[in-house]
Protein chains: 4
Amino acid sequence: MIYFNNDYSEGCHEAVLEALTRTNLEQTPGYGEDEYCAKAAAKIRALCQREDAAVHFLVGGTQANLTVIAAALRPHQGALCAATGHINAHETGAVEATGHKVLTVPSDDGKITAAQVAQVVKAHREDASFEHTVQPKLVYISNPTELGTLYTRGELEALWETCQKLGLYLFLDGARLGYGLTAEGNDVTLPDIARLCDVFYIGGTKVGALFGEAVVILNPALKEDFRYLIKQRGGMLAKGRLLGVQFDALMSDNLYFDIAARANVLADRIRAAIDEAGYPYLVENKTNQIFPILPDRVLNALKKTYVFNDMDRVDDGHQVVRICTSWATKEENVERLCRDLRETTVV
Amino acid sequence: MIYFNNDYSEGCHEAVLEALTRTNLEQTPGYGEDEYCAKAAAKIRALCQREDAAVHFLVGGTQANLTVIAAALRPHQGALCAATGHINAHETGAVEATGHKVLTVPSDDGKITAAQVAQVVKAHREDASFEHTVQPKLVYISNPTELGTLYTRGELEALWETCQKLGLYLFLDGARLGYGLTAEGNDVTLPDIARLCDVFYIGGTKVGALFGEAVVILNPALKEDFRYLIKQRGGMLAKGRLLGVQFDALMSDNLYFDIAARANVLADRIRAAIDEAGYPYLVENKTNQIFPILPDRVLNALKKTYVFNDMDRVDDGHQVVRICTSWATKEENVERLCRDLRETTVV
Amino acid sequence: MIYFNNDYSEGCHEAVLEALTRTNLEQTPGYGEDEYCAKAAAKIRALCQREDAAVHFLVGGTQANLTVIAAALRPHQGALCAATGHINAHETGAVEATGHKVLTVPSDDGKITAAQVAQVVKAHREDASFEHTVQPKLVYISNPTELGTLYTRGELEALWETCQKLGLYLFLDGARLGYGLTAEGNDVTLPDIARLCDVFYIGGTKVGALFGEAVVILNPALKEDFRYLIKQRGGMLAKGRLLGVQFDALMSDNLYFDIAARANVLADRIRAAIDEAGYPYLVENKTNQIFPILPDRVLNALKKTYVFNDMDRVDDGHQVVRICTSWATKEENVERLCRDLRETTVV
Amino acid sequence: MIYFNNDYSEGCHEAVLEALTRTNLEQTPGYGEDEYCAKAAAKIRALCQREDAAVHFLVGGTQANLTVIAAALRPHQGALCAATGHINAHETGAVEATGHKVLTVPSDDGKITAAQVAQVVKAHREDASFEHTVQPKLVYISNPTELGTLYTRGELEALWETCQKLGLYLFLDGARLGYGLTAEGNDVTLPDIARLCDVFYIGGTKVGALFGEAVVILNPALKEDFRYLIKQRGGMLAKGRLLGVQFDALMSDNLYFDIAARANVLADRIRAAIDEAGYPYLVENKTNQIFPILPDRVLNALKKTYVFNDMDRVDDGHQVVRICTSWATKEENVERLCRDLRETTVV
């Protein structure tokens with residue numbers, strides 16, 4: 001079977017593996033206080049054009065989300081996100097387990113608008129019994145979103161300005177950030193993100209690393225004592241250098257961006273085949289996740305060879321699936337899928 | 001000003017005050033282990049026709065809700081309720097502060113149906129990544145609901161059977177239970193509730209007591225060690241007998257039910273005046289809360305004399321308000337309001 | 001039986017009951033936003049000589065402790081106290097249930113010294129792996145302590161200066177503050193406490209009220225959004241005015257202090273009888289709690305008439321008991337106990 | 001510099017690295033539902049002689065501890081351990097952050113006895129106000145302990161019987177289990193541990209893996225829904241197979257035990273040199289951690305070449321250090337250290 005169901009089916013990019021192998025028997029200090037973490041952090045600060053950024057490496061996305069949010073909020077405060085937001089929909093209540101309500105707004109494309117944020121905060125503040133409701137204090141967005149869509153620079157600026165004006169933190173989950181930054185039509189740069197967020201992370205797990213996310217903190221209020229929180233929530237690896245070594249490799253020679261760009265190009269080829277076959281999408285996007293709505297007949301035929309990720313049923317004869325490419329996707333598999341998409345359709 | 005904005009504007013019924021005064025200088029053991037708590041609990045067990053029930057007295061509704069839910073759930077489990085549910089909308093994330101997500105379903109009338117519960121549980125169990133989402137384990141309902149509506153016996157039975165079949169707890173918040181049990185058309189009795197819930201509470205704060213709610217636990221699994229949880233959450237009064245004395249008085253001579261019934265009768269008179277004036281309701285109900293949609297002109301005139309609770313704006317010229325009667329409402333004030341409703345309308 | 005086992009066996013002082021009765025049918029806004037709470041808060045601010053203090057009324061001591069501590073700390077921070085501290089020993093892990101470790105230092109007399117605080121903070125900061133341990137951030141003391149002892153003004157000043165210098169909050173639990181402020185030899189005033197703490201509370205439950213504690217916040221950082229936290233933790237009474245009415249009565253005409261002083265005088269008489277009989281104490285003190293070490297023979301004889309609170313066994317023939325007086329203690333009972341102490345000893 | 005300060009300074013054993021490299025580009029299902037995790041779990045079940053065991057792979061020790069304890073306890077229950085226990089002393093309050101108090105007993109050698117457990121539970125149950133204190137429900141031990149000492153089979157059996165009799169869970173933290181099972185004089189086997197614990201884990205991070213711990217659950221009550229809890233606490237790797245691949249390699253051909261045994265042998269050589277030089281120990285033990293008390297003169301000389309882990313000062317001229325060997329320790333470095341220990345002493 002050929003897996004297109006997600007972007008974490010393989011291990012890591014060969015350059016990452018090579019770096020891990022090369023450094024394997026070196027002796028370094030533990031808990032992220034080694035030179036590899038320092039080097040990787042320095043490269044990230046440079047790429048972000050923010051020498052003041054605090055960079056921490058965490059094991060995974062759920063942990064990054066819950067640690068950042070627990071660090072940022074007082075007990076009566078909540079995180080606001082799209083109803084499709086990962087923290088709301090796919091983390092087993094990890095944020096609530098730290099004591100905080102996730103507040104949601106509806107979204108068709110996985111994005112949340114500055115106007116929605118402003119409206120929620122206004123409604124809260126105008127509520128005569130506002131103290132009986134959770135105070136919105138942090139806006140959680142993902143870019144790309146869970147539906148593979150992207151924020152424009154204008155949208156991000158509007159969110160940032162709204163958050164600044166209203167005293168909220170803006171937190172960007174970049175689990176697939178590489179795929180976003182290199183997508184066709186994207187107008188947001190890494191320095192833009194560093195300028196327009198209080199905190200965000202650069203995802204490694206889904207973009208070339210074995211595992212790991214680089215949390216970048218810009219707001220000084222969120223930097224204080226962050227390592228205590230990593231430790232408390234179980235995210236501080238004894239061999240922290242494993243994360244430093246991986247991100248050092250990924251952030252060298254544009255590797256992180258090149259491998260993400262390649263995955264997007266492969267996804268575009270699949271999109272072209274889907275377009276040609278005339279299938280619609282749950283949502284249109286240009287990153288490494290594709291959400292076509294396929295007739296059951298076509299899907300059943302394809303499932304003999306390929307594994308996709310089943311999403312919602314649309315109607316009695318149609319199903320949304322997620323098709324993912326990644327840094328590891330083989331070009332020959334993409335070509336075969338494109339051919340099969342065309343042929344299955346014709347039959 | 002005459003207050004119709006809620007049902008907790010006054011102190012307590014004179015019989016409750018008399019009992020507190022009469023027992024004031026008696027010496028009793030602390031923390032609810034006194035004879036008054038024992039007597040009140042025995043009366044509640046008898047009224048519920050459940051000698052096996054564990055009865056605990058807590059200070060208030062939010063505390064009762066958070067203590068029961070924290071006692072019932074494991075960390076990955078959530079409480080399911082209508083989006084309007086008090087625990088979701090008006091308790092500052094008290095349930096989340098104990099680590100649990102509140103899961104919601106939409107509702108127009110404040111009620112949740114057995115079919116909704118079954119659908120949520122089915123969707124959870126059929127989800128391929130179900131372990132990445134919060135497990136629904138407890139259904140929270142309020143009766144009357146936050147909108148003053150009532151569950152029928154049939155609806156409660158369907159909820160109970162669904163919860164039993166699916167392994168969920170059913171928890172009924174009875175902050176205004178007296179008003180529900182004595183409402184015109186209600187077909188649910190206290191023994192019905194004790195038969196059809198795992199745990200519920202009989203509200204005192206809004207029905208004649210200074211403060212206090214009587215939590216009634218039927219499910220043996222929820223009885224174990226409950227007093228530890230009351231203490232841990234700050235709900236165990238040193239002078240616990242204050243709650244026993246009050247509930248002993250309320251549960252004697254049908255007092256609790258008589259004073260609630262009277263409030264409903266007074267509310268019916270106001271409803272009749274509203275009907276006569278031709279104003280619609282946000283939702284129709286027969287308990288002590290009334291939710292008419294009033295023209296601004298009428299509302300502004302009434303607000304010179306009366307305090308209501310402003311709810312949502314309906315349109316540019318109309319406002320939903322909550323008008324409450326209670327055990328303490330004076331008949332003369334109701335008559336005056338009815339007269340003013342008629343007169344304001346005519347003008 | 002005559003109860004000397006604690007100071008919460010009765011209801012409330014007659015002036016408090018009279019105030020509750022007089023105001024019972026008044027209509028006031030809910031949730032502590034009424035004029036009685038405002039008046040009581042103003043009186044407390046005046047007595048503290050701190051017009052800038054925020055005053056909130058909570059239902060009980062455990063709730064006051066957990067709400068203040070949860071409001072003050074970030075997740076990785078802990079509360080430091082004597083091992084005998086109420087939050088450590090008698091609140092079922094209420095502080096831990098909000099996510100925070102209670103750090104302890106040993107104490108024979110229930111007090112913690114500035115030197116101990118400084119030593120703990122120094123050890124934490126000098127620890128090479130300090131981020132792997134809980135950061136001490138708040139010092140919790142009680143005055144009187146759980147053993148009835150009192151801090152001197154010098155001790156409080158040293159604690160305050162140490163906390164200020166090290167960036168820690170100082171929180172004083174005044175569940176029995178009245179008995180402390182009026183004890184023989186006490187040199188600490190209410191304005192001293194308001195000057196030397198970030199936050200403290202004036203206990204009502206054990207000093208004349210039915211229930212209730214007045215939390216006084218001096219540090220602006222702790223004032224922000226405190227009402228949200230009260231609500232979230234279940235401590236916001238719908239009929240909040242019940243607390244305002246009670247504290248308004250207690251803080252009028254020196255009532256709170258007079259009734260506490262009287263209890264201390266009665267305790268002194270019992271101490272005199274114990275001294276005369278030659279029994280030692282677990283710890284010496286001058287407030288309303290007495291901790292004599294009695295021979296079993298004497299204790300068994302007294303237990304036919306009196307209820308004390310059994311504490312630790314000292315050896316095979318001796319037992320520590322707690323004997324409490326309170327605002328409600330009858331003089332004739334004290335005289336009888338003194339006589340019986342003398343007579344039981346002689347026999 | 002040569003590092004003897006801990007057992008996590010290097011990456012992983014070459015066989016583990018080889019397995020990761022060999023499988024790197026395979027496509028497998030995510031979140032631990034792959035065949036490598038299945039194979040590794042099967043091997044662990046076989047080694048434990050418990051086909052009924054549930055085996056889960058978590059990222060690190062703090063996370064394993066907090067996830068197991070949060071899964072096992074109700075809110076009012078606490079974990080009991082030696083004051084030196086890792087959960088008490090070195091995890092930044094991770095257990096408290098899940099809402100549970102860590103209860104401690106004193107210990108000189110890092111171990112807790114069955115008698116201590118029985119005494120704590122007895123004192124709790126006999127306490128007249130037991131509901132005001134945290135209920136001990138789980139006993140946490142580590143083997144080897146934080147001080148490198150080992151439980152005998154007799155001690156473990158006594159703990160297990162006591163826990164069974166009193167209704168407590170026994171949880172063994174095996175972060176360094178390999179070093180314990182292969183130490184000279186150890187009489188405990190892996191099947192013994194599986195028979196005498198409700199849950200334990202086999203540590204990988206410190207015994208040959210890059211990272212990872214294998215949690216083995218024997219008690220059916222603790223198995224239920226455990227994967228939800230792993231996900232909620234951030235411990236579920238997208239590429240869960242990374243842990244399966246590593247443990248599959250470690251559990252093949254006795255690798256895990258062989259490399260641990262070798263580290264113990266090297267530690268014994270260092271112990272012999274210390275004995276010969278006549279230095280005492282903080283505590284005697286036979287595993288890979290050594291805690292000698294060295295004169296400052298000797299220590300300062302050695303520190304020019306070696307890195308140790310500074311522990312407590314003993315007196316003005318002496319210091320406890322931790323010297324660790326590991327699966328990665330080079331024999332030549334051990335020999336050099338032994339020689340330098342002898343020579344430094346003579347001088």
# chains A, B, ... in the order shown; residues from 1 in each chain; ligands from 1
>>> select_by_dssp(residues="stretch 193-242 of chain D", states="helix (DSSP H, G or I)", output="list in words")
Ile193, Ala194, Arg195, Leu196, Pro220, Ala221, Leu222, Lys223, Phe226, Arg227, Tyr228, Leu229, Ile230, Lys231, Gln232, Arg241 and Leu242 of chain D
>>> residues_around(residues="B:Phe308", least_positions_apart="6", cutoff="8 Å", atoms="only C-alpha atoms", output="PyMOL selection string")
chain B and resi 3-6+321-324
>>> write_last_selection(atoms="all heavy atoms", output="tab-separated table (two decimals), in the first residue's frame")
chain	number	residue	atom	x	y	z
B	3	TYR	N	-37.88	44.81	42.17
B	3	TYR	CA	-36.96	43.89	41.47
B	3	TYR	C	-37.67	42.61	41.01
B	3	TYR	O	-38.19	41.86	41.84
B	3	TYR	CB	-35.81	43.51	42.40
B	3	TYR	CG	-34.81	44.61	42.61
B	3	TYR	CD1	-35.10	45.66	43.47
B	3	TYR	CD2	-33.60	44.62	41.92
B	3	TYR	CE1	-34.18	46.68	43.66
B	3	TYR	CE2	-32.68	45.64	42.10
B	3	TYR	CZ	-32.97	46.68	42.97
B	3	TYR	OH	-32.07	47.69	43.15
B	4	PHE	N	-37.71	42.43	39.72
B	4	PHE	CA	-38.15	41.15	39.17
B	4	PHE	C	-37.01	40.50	38.36
B	4	PHE	O	-37.24	39.64	37.53
B	4	PHE	CB	-39.36	41.35	38.23
B	4	PHE	CG	-40.67	41.53	38.93
B	4	PHE	CD1	-41.23	42.78	39.05
B	4	PHE	CD2	-41.34	40.43	39.47
B	4	PHE	CE1	-42.46	42.96	39.68
B	4	PHE	CE2	-42.56	40.60	40.10
B	4	PHE	CZ	-43.13	41.87	40.22
B	5	ASN	N	-35.80	40.97	38.59
B	5	ASN	CA	-34.70	40.55	37.72
B	5	ASN	C	-34.18	39.14	38.00
B	5	ASN	O	-33.60	38.50	37.14
B	5	ASN	CB	-33.55	41.55	37.78
B	5	ASN	CG	-33.03	41.74	39.18
B	5	ASN	OD1	-33.81	41.67	40.14
B	5	ASN	ND2	-31.74	41.97	39.33
B	6	ASN	N	-34.38	38.67	39.23
B	6	ASN	CA	-33.93	37.32	39.53
B	6	ASN	C	-34.69	36.77	40.73
B	6	ASN	O	-35.59	37.44	41.26
B	6	ASN	CB	-32.41	37.30	39.77
B	6	ASN	CG	-32.03	38.11	40.99
B	6	ASN	OD1	-32.67	38.02	42.04
B	6	ASN	ND2	-31.00	38.92	40.86
B	321	VAL	N	-36.30	40.24	27.82
B	321	VAL	CA	-35.95	40.42	29.23
B	321	VAL	C	-36.35	39.17	30.01
B	321	VAL	O	-37.20	38.39	29.57
B	321	VAL	CB	-36.66	41.64	29.89
B	321	VAL	CG1	-36.19	42.93	29.26
B	321	VAL	CG2	-38.17	41.49	29.84
B	322	ARG	N	-35.67	38.98	31.12
B	322	ARG	CA	-36.11	37.93	32.04
B	322	ARG	C	-36.85	38.59	33.19
B	322	ARG	O	-36.35	39.55	33.81
B	322	ARG	CB	-34.91	37.16	32.59
B	322	ARG	CG	-35.35	36.05	33.54
B	322	ARG	CD	-34.20	35.19	33.99
B	322	ARG	NE	-33.38	35.90	34.98
B	322	ARG	CZ	-32.53	35.29	35.80
B	322	ARG	NH1	-32.35	33.99	35.72
B	322	ARG	NH2	-31.81	35.99	36.66
B	323	ILE	N	-38.06	38.10	33.45
B	323	ILE	CA	-38.84	38.53	34.61
B	323	ILE	C	-38.97	37.31	35.51
B	323	ILE	O	-39.43	36.26	35.08
B	323	ILE	CB	-40.25	39.02	34.17
B	323	ILE	CG1	-40.12	40.18	33.18
B	323	ILE	CG2	-41.08	39.41	35.38
B	323	ILE	CD1	-41.46	40.66	32.61
B	324	CYS	N	-38.55	37.47	36.76
B	324	CYS	CA	-38.60	36.35	37.69
B	324	CYS	C	-39.57	36.63	38.84
B	324	CYS	O	-39.57	37.73	39.39
B	324	CYS	CB	-37.25	36.11	38.34
B	324	CYS	SG	-36.06	35.30	37.30
>>> interface_residues(of="chain D", to="chain B", cutoff="10 Å", atoms="only C-alpha atoms", output="ChimeraX atom specification")
/D:31,70-77,98-99,129-135,225-233,236
>>> write_last_selection(atoms="N, CA, C and O atoms", output="short mmCIF file (atom, residue, chain, number, x, y, z; two decimals), in the first residue's frame")
data_model
loop_
_atom_site.label_atom_id
_atom_site.label_comp_id
_atom_site.auth_asym_id
_atom_site.auth_seq_id
_atom_site.Cartn_x
_atom_site.Cartn_y
_atom_site.Cartn_z
N TYR D 31 1.04 7.26 15.85
CA TYR D 31 0.54 7.26 17.23
C TYR D 31 0.69 5.92 17.94
O TYR D 31 -0.15 5.54 18.76
N ALA D 70 -1.88 10.55 37.10
CA ALA D 70 -3.15 11.21 36.77
C ALA D 70 -4.20 10.18 36.34
O ALA D 70 -5.39 10.35 36.60
N ALA D 71 -3.75 9.12 35.69
CA ALA D 71 -4.70 8.09 35.25
C ALA D 71 -5.25 7.29 36.43
O ALA D 71 -6.38 6.81 36.40
N ALA D 72 -4.43 7.15 37.48
CA ALA D 72 -4.78 6.23 38.57
C ALA D 72 -5.62 6.87 39.67
O ALA D 72 -6.40 6.17 40.33
N LEU D 73 -5.48 8.15 39.87
CA LEU D 73 -6.03 8.76 41.08
C LEU D 73 -7.32 9.54 40.84
O LEU D 73 -7.48 10.17 39.80
N ARG D 74 -8.20 9.53 41.84
CA ARG D 74 -9.30 10.49 41.87
C ARG D 74 -8.78 11.78 42.52
O ARG D 74 -7.72 11.79 43.14
N PRO D 75 -9.53 12.88 42.37
CA PRO D 75 -8.94 14.18 42.76
C PRO D 75 -8.47 14.30 44.21
O PRO D 75 -7.53 15.05 44.48
N HIS D 76 -9.08 13.59 45.13
CA HIS D 76 -8.73 13.75 46.54
C HIS D 76 -7.63 12.78 46.98
O HIS D 76 -7.30 12.72 48.17
N GLN D 77 -7.07 12.06 46.05
CA GLN D 77 -6.08 11.05 46.39
C GLN D 77 -4.68 11.53 46.05
O GLN D 77 -4.48 12.31 45.13
N THR D 98 -1.19 18.10 37.91
CA THR D 98 -2.37 17.32 37.53
C THR D 98 -3.39 17.29 38.66
O THR D 98 -4.41 16.60 38.56
N GLY D 99 -3.11 18.01 39.76
CA GLY D 99 -4.10 18.17 40.83
C GLY D 99 -3.88 17.33 42.07
O GLY D 99 -4.69 17.39 42.99
N SER D 129 -10.55 13.66 61.46
CA SER D 129 -10.93 14.53 60.34
C SER D 129 -10.22 14.09 59.07
O SER D 129 -9.65 14.88 58.34
N PHE D 130 -10.29 12.78 58.81
CA PHE D 130 -9.55 12.22 57.67
C PHE D 130 -9.98 12.83 56.35
O PHE D 130 -9.19 12.97 55.44
N GLU D 131 -11.23 13.25 56.26
CA GLU D 131 -11.70 13.82 54.99
C GLU D 131 -11.10 15.20 54.72
O GLU D 131 -11.26 15.76 53.65
N HIS D 132 -10.41 15.74 55.72
CA HIS D 132 -9.73 17.03 55.56
C HIS D 132 -8.28 16.84 55.13
O HIS D 132 -7.54 17.81 55.04
N THR D 133 -7.91 15.62 54.90
CA THR D 133 -6.53 15.35 54.47
C THR D 133 -6.57 14.50 53.20
O THR D 133 -7.58 13.84 52.92
N VAL D 134 -5.49 14.54 52.47
CA VAL D 134 -5.40 13.80 51.21
C VAL D 134 -5.35 12.30 51.49
O VAL D 134 -4.62 11.85 52.38
N GLN D 135 -6.11 11.55 50.73
CA GLN D 135 -6.14 10.10 50.91
C GLN D 135 -4.97 9.43 50.19
O GLN D 135 -4.86 9.56 48.97
N ASP D 225 -8.58 2.99 28.93
CA ASP D 225 -8.51 4.32 28.32
C ASP D 225 -7.15 5.00 28.46
O ASP D 225 -7.05 6.22 28.33
N PHE D 226 -6.11 4.23 28.71
CA PHE D 226 -4.82 4.86 28.99
C PHE D 226 -4.30 5.68 27.82
O PHE D 226 -3.63 6.70 28.02
N ARG D 227 -4.63 5.28 26.59
CA ARG D 227 -4.14 6.04 25.45
C ARG D 227 -4.72 7.45 25.38
O ARG D 227 -4.05 8.39 24.94
N TYR D 228 -5.96 7.61 25.84
CA TYR D 228 -6.50 8.98 25.92
C TYR D 228 -5.58 9.85 26.80
O TYR D 228 -5.31 11.00 26.49
N LEU D 229 -5.15 9.26 27.91
CA LEU D 229 -4.36 10.05 28.85
C LEU D 229 -2.99 10.38 28.29
O LEU D 229 -2.46 11.47 28.52
N ILE D 230 -2.40 9.44 27.55
CA ILE D 230 -1.11 9.73 26.92
C ILE D 230 -1.27 10.92 25.98
O ILE D 230 -0.47 11.86 25.99
N LYS D 231 -2.33 10.87 25.20
CA LYS D 231 -2.55 11.96 24.23
C LYS D 231 -2.79 13.28 24.97
O LYS D 231 -2.22 14.31 24.62
N GLN D 232 -3.64 13.24 25.98
CA GLN D 232 -4.00 14.48 26.68
C GLN D 232 -2.79 15.15 27.31
O GLN D 232 -2.70 16.38 27.35
N ARG D 233 -1.86 14.35 27.81
CA ARG D 233 -0.70 14.93 28.50
C ARG D 233 0.44 15.22 27.55
O ARG D 233 1.54 15.57 27.98
N MET D 236 1.95 11.45 23.31
CA MET D 236 1.73 10.54 22.18
C MET D 236 2.42 11.08 20.93
O MET D 236 1.97 12.03 20.30
#
>>> residues_around(residues="stretch 18-28 of chain B", least_positions_apart="3", cutoff="10 Å", atoms="only C-alpha atoms", output="number ranges by chain")
B: 12-15, 31-36, 239-250; C: 1-4, 8-14, 17-18, 21, 210, 328-329
>>> write_last_selection(atoms="C-alpha atoms", output="tab-separated table (two decimals), in the first residue's frame")
chain	number	residue	atom	x	y	z
B	12	CYS	CA	-34.76	33.50	53.14
B	13	HIS	CA	-38.28	32.40	53.95
B	14	GLU	CA	-39.40	33.34	57.45
B	15	ALA	CA	-39.64	29.69	58.53
B	31	TYR	CA	-18.65	20.03	58.92
B	32	GLY	CA	-22.13	18.65	58.32
B	33	GLU	CA	-21.94	15.85	60.84
B	34	ASP	CA	-24.70	17.26	63.04
B	35	GLU	CA	-28.23	16.09	63.67
B	36	TYR	CA	-29.84	18.83	61.56
B	239	LYS	CA	-20.86	25.28	60.59
B	240	GLY	CA	-22.37	22.74	58.26
B	241	ARG	CA	-25.48	22.63	60.36
B	242	LEU	CA	-26.53	25.95	58.81
B	243	LEU	CA	-27.42	24.01	55.68
B	244	GLY	CA	-29.07	21.18	57.58
B	245	VAL	CA	-31.21	23.57	59.58
B	246	GLN	CA	-32.37	25.35	56.44
B	247	PHE	CA	-33.18	22.23	54.46
B	248	ASP	CA	-34.83	20.66	57.48
B	249	ALA	CA	-37.16	23.65	57.58
B	250	LEU	CA	-37.76	23.69	53.82
C	1	MET	CA	-22.09	17.79	77.23
C	2	ILE	CA	-20.25	21.08	77.16
C	3	TYR	CA	-18.25	21.67	73.98
C	4	PHE	CA	-14.81	23.21	74.17
C	8	TYR	CA	-17.42	26.94	65.45
C	9	SER	CA	-19.96	24.92	67.42
C	10	GLU	CA	-22.58	27.66	67.57
C	11	GLY	CA	-24.23	29.91	64.98
C	12	CYS	CA	-23.47	33.64	65.11
C	13	HIS	CA	-23.36	36.55	67.50
C	14	GLU	CA	-26.77	38.02	68.24
C	17	LEU	CA	-28.29	37.52	63.55
C	18	GLU	CA	-30.22	40.69	64.23
C	21	THR	CA	-33.10	39.31	60.31
C	210	LEU	CA	-22.38	32.36	60.66
C	328	ALA	CA	-20.00	32.16	72.23
C	329	THR	CA	-18.41	30.54	75.25
>>> atom_distance(atom1="atom CA of B:Thr84", atom2="atom CA of B:Tyr140")
11.1 Å
